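Chemist: My structure is below; once you've seen it, I'll send some questions.
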Amino acid sequence: MKLLCLASFLAVATAFAPSKSFLGNSPATHVVDNRSHATRRGTIVMDGKANAIRDRIVTVKNTKKITLAMKLVAAAKVRRAQDAVVATRPFSETLQSVFGGLIERLGADSLDLPLLTSREVKTATLVVVTGDRGLCGGYNNFIIKKAEKRIEDLQAQGIKVEIITVGKKGTVFMNRYRKDLVVATYECGQNPSSVEATAISNTLLNRFLGDNTDTVEFVYTRFVSLIASTPSSRTLLPCSATGIETQEDEIFQLTSKDGDFSVEKTVIPAAEPQDFPSEMIFEQDPAQIINSMLPLYLNGQVLRMMQEAVASELAARMQAMQSASDNASDLEKNLSQQYNRARQAAVTQEILEIVSGAQALEE
C-alpha cells in the first residue's frame, strides 16, 4: 500500500515538475509555447452530489419557464373573459331598462307571476360552480367548502337539498361524497357561452316551475381583484321584482402598471327605467311581457356568474403560477450556492492532494 501511495505521489510531482528542456543553462533556451496554455482548461473532478445539484438547477429553470408561460396564458384569458362581459352589457342594460319601465307602469305589488312568487322552502337547489382544471391555488377547495357549509345549514333546518354541479372539479367531489344529492352536472370551460348558460337556466326553470324545488341558490366565486376572490352564495329563484331594476353592475378591466398586472374596477349604476306613457297601448298584457322577460334575465345572470367564476379561476391561476415562479427563483438561488460550495470543495481537495504529494517527495 505504501508503494502505491508513493507511486501516485511521484506521478503527481512529475506532472508538475519543471522540465530540463524548459530550464536550460542559457536564458536563450527558455522558450514558452503560449498556444498550449491558451487552449488549456482546468479539469475539476466533482462527486456525484455536485452533478446531481447541477441537474436539479436545470430542472428548476425549465419549471420556472413553464410557470411563467402559464401565468401569461391565464392573463390573456382574463382579458378575453372581460371582453365577453363588456360585450353582454348592452343587452343587460336594455333588459333592465325595459323591466324597470314596466314595473313603474304596473307596480311591483300588482305582479302575480310564478317566478316572482315566494313559497315555503321545503326543497332547495344549489348550483355549485367550480373549475374544470387545477393549478389554481385553493380556488376549487374554497368554493367546495362554501357549498358543504351551505348544505349542512340547510339540512340542519330540515330542508331537502339538491345539487347541480358546474365544472369537473365540483362534479368529481360531489359524485364521490354526495352522489345521492346530485341531479344534474355541467361543464364550465374557459369561455362560457350563452348556449351553456341557457341549458343551465332551462333546467332551473323546469325544476322551479314544476314544483320540484322551492328556491335556487348559486354558489360561485365572486371576483374582487387579481389577488382576492370571495366564495359567495346568491339566491336566483324566486326573483325579486324590486331588485332587478335597481341592481348595479361592476366591470373589471385587466391593465398593467409599473410592469405588473393590475385591475381597474368600474361601478356601473342601474339603467334608467324606460318611459312608457300612460296612453301607450300594449299589444300583450304587460304582465305577460314581464313573464317572458324573466327567463332572459335569468339566463343573463347565469352567464354573468359563470363568467365571473371563470375570471376568478384565471386570477387564482395567475397568482399560483407567480408564486411557483418566485419559489423556483429562490430554489435556483439556493441550489446555485450549494453547487458553488461543492465545486469549491472539489478544487480545494485537489490542491490539498498536490501539496501533500509534494511534501511527501521532499521527505
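Scheme for the C-alpha cells: letters A, B, ... for chains in order shown; per-chain residue numbers from 1; ligand numbers from 1 in order shown.
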Apply DSSP to the structure's backbone, then extract all residues of stretch 120-318 of chain A labelled alpha helix (DSSP H) and return them as a ChimeraX atom specification.

Modeler: /A:139-156,168-177,194-209,241-244,286-318

Chemist: Determine which residues of stretch 15-243 of chain A receive a DSSP assignment of strand (DSSP E or B), computed from the backbone, and state them as a ChimeraX atom specification.

Modeler: /A:123-129,160-166,182-186,215-225,228-237

Chemist: I'd like the contact shell of stretch 140-150 of chain A - 7 Å cut-off, only C-alpha atoms, skipping same-chain residues fewer than 4 positions apart - returned as a list of chain:residue names.

Modeler: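 Listed by chain and then number, they are A:Val128, A:Thr130, A:Gly131, A:Leu154, A:Lys169, A:Gly170, A:Val219, A:Tyr220, A:Thr221, A:Pro231.
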
Chemist: Store the residues picked out above, limited to N, CA and C atoms, as a CSV table (one decimal), in the first residue's frame.

Modeler:
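Ended up saving to result-v2.csv:
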chain,number,residue,atom,x,y,z
A,128,VAL,N,-73.5,24.6,-7.8
A,128,VAL,CA,-72.1,24.8,-7.4
A,128,VAL,C,-71.2,25.0,-8.6
A,130,THR,N,-67.5,25.4,-10.1
A,130,THR,CA,-66.1,25.2,-9.8
A,130,THR,C,-65.4,25.2,-11.2
A,131,GLY,N,-64.1,25.0,-11.2
A,131,GLY,CA,-63.3,24.9,-12.4
A,131,GLY,C,-63.2,23.5,-12.9
A,154,LEU,N,-78.6,24.1,5.5
A,154,LEU,CA,-80.0,23.8,5.0
A,154,LEU,C,-80.5,22.5,5.6
A,169,LYS,N,-64.3,19.7,-11.4
A,169,LYS,CA,-63.8,19.5,-10.0
A,169,LYS,C,-64.9,19.3,-9.0
A,170,GLY,N,-65.9,20.2,-9.1
A,170,GLY,CA,-67.1,20.0,-8.2
A,170,GLY,C,-67.9,18.8,-8.5
A,219,VAL,N,-73.9,29.0,-5.8
A,219,VAL,CA,-72.7,29.1,-5.0
A,219,VAL,C,-71.5,29.2,-6.0
A,220,TYR,N,-70.9,30.4,-6.0
A,220,TYR,CA,-69.8,30.7,-7.0
A,220,TYR,C,-68.8,31.6,-6.4
A,221,THR,N,-67.7,31.9,-7.1
A,221,THR,CA,-66.7,32.7,-6.6
A,221,THR,C,-66.8,34.1,-7.2
A,231,PRO,N,-65.8,33.4,-2.1
A,231,PRO,CA,-66.8,32.4,-2.4
A,231,PRO,C,-68.2,33.0,-1.8

Chemist: Could you tell me which of A:Ala345, A:Ala320, A:Ala74, A:Ile290 comes closest to A:Ile103 if we count only C-alpha atoms?

Modeler: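 Smallest distance to A:Ile103 is found for A:Ile290.
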
Chemist: Have a look at A:Val86, A:Ile354, A:Ala50, A:Ile200 and name the one nearest to A:Cys188; count only C-alpha atoms.

Modeler: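 Ranking A:Val86, A:Ile354, A:Ala50, A:Ile200 by distance to A:Cys188, first place goes to A:Ile200.
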
Chemist: Using only C-alpha atoms, which residues sit within 10 Å of A:Gln155 once same-chain residues fewer than 5 positions away are excluded, as a ChimeraX atom specification?

Modeler: /A:123-124,150,160-161

Chemist: Please, what distance in Å, to one decimal, runs between atom CA of A:Ser329 and atom CA of A:Ala316?

Modeler: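 Answer for the atom CA of A:Ser329 to atom CA of A:Ala316 separation: 20.0 Å.
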
Chemist: Choose the residue, out of A:Leu209, A:Val121, A:Leu102, A:Met174, that has the smallest atom-to-atom separation from A:Asp285; count only C-alpha atoms.

Modeler: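 Ranking A:Leu209, A:Val121, A:Leu102, A:Met174 by distance to A:Asp285, first place goes to A:Leu102.
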
Chemist: Just the residues within 12 Å of A:Thr171, please, counting only C-alpha atoms, with nothing from its chain fewer than 4 positions along; format it as a ChimeraX atom specification.

Modeler: /A:127-133,140,144,163-167,175-179,181-188

Chemist: So which one's closest to A:Leu115, A:Gln344, A:Gln337, A:Asn206, A:Ser312? Using only C-alpha atoms, please.

Modeler: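 Using only C-alpha atoms, the shortest distance to A:Leu115 belongs to A:Asn206.
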
Chemist: Counting only C-alpha atoms, what is within 12 Å of A:Met293, bar same-chain residues fewer than 6 positions away, as a VMD selection string?

Modeler: chain A and resid 91 to 92 94 to 100 102 113 115 239 241 244 286 to 287 299 to 300

Chemist: Taking only C-alpha atoms into account, name the residue in A:Ala76, A:Lys65, A:Thr203, A:Phe223 that is nearest to A:Arg304.

Modeler: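 Selected residue with least distance to A:Arg304: A:Phe223.
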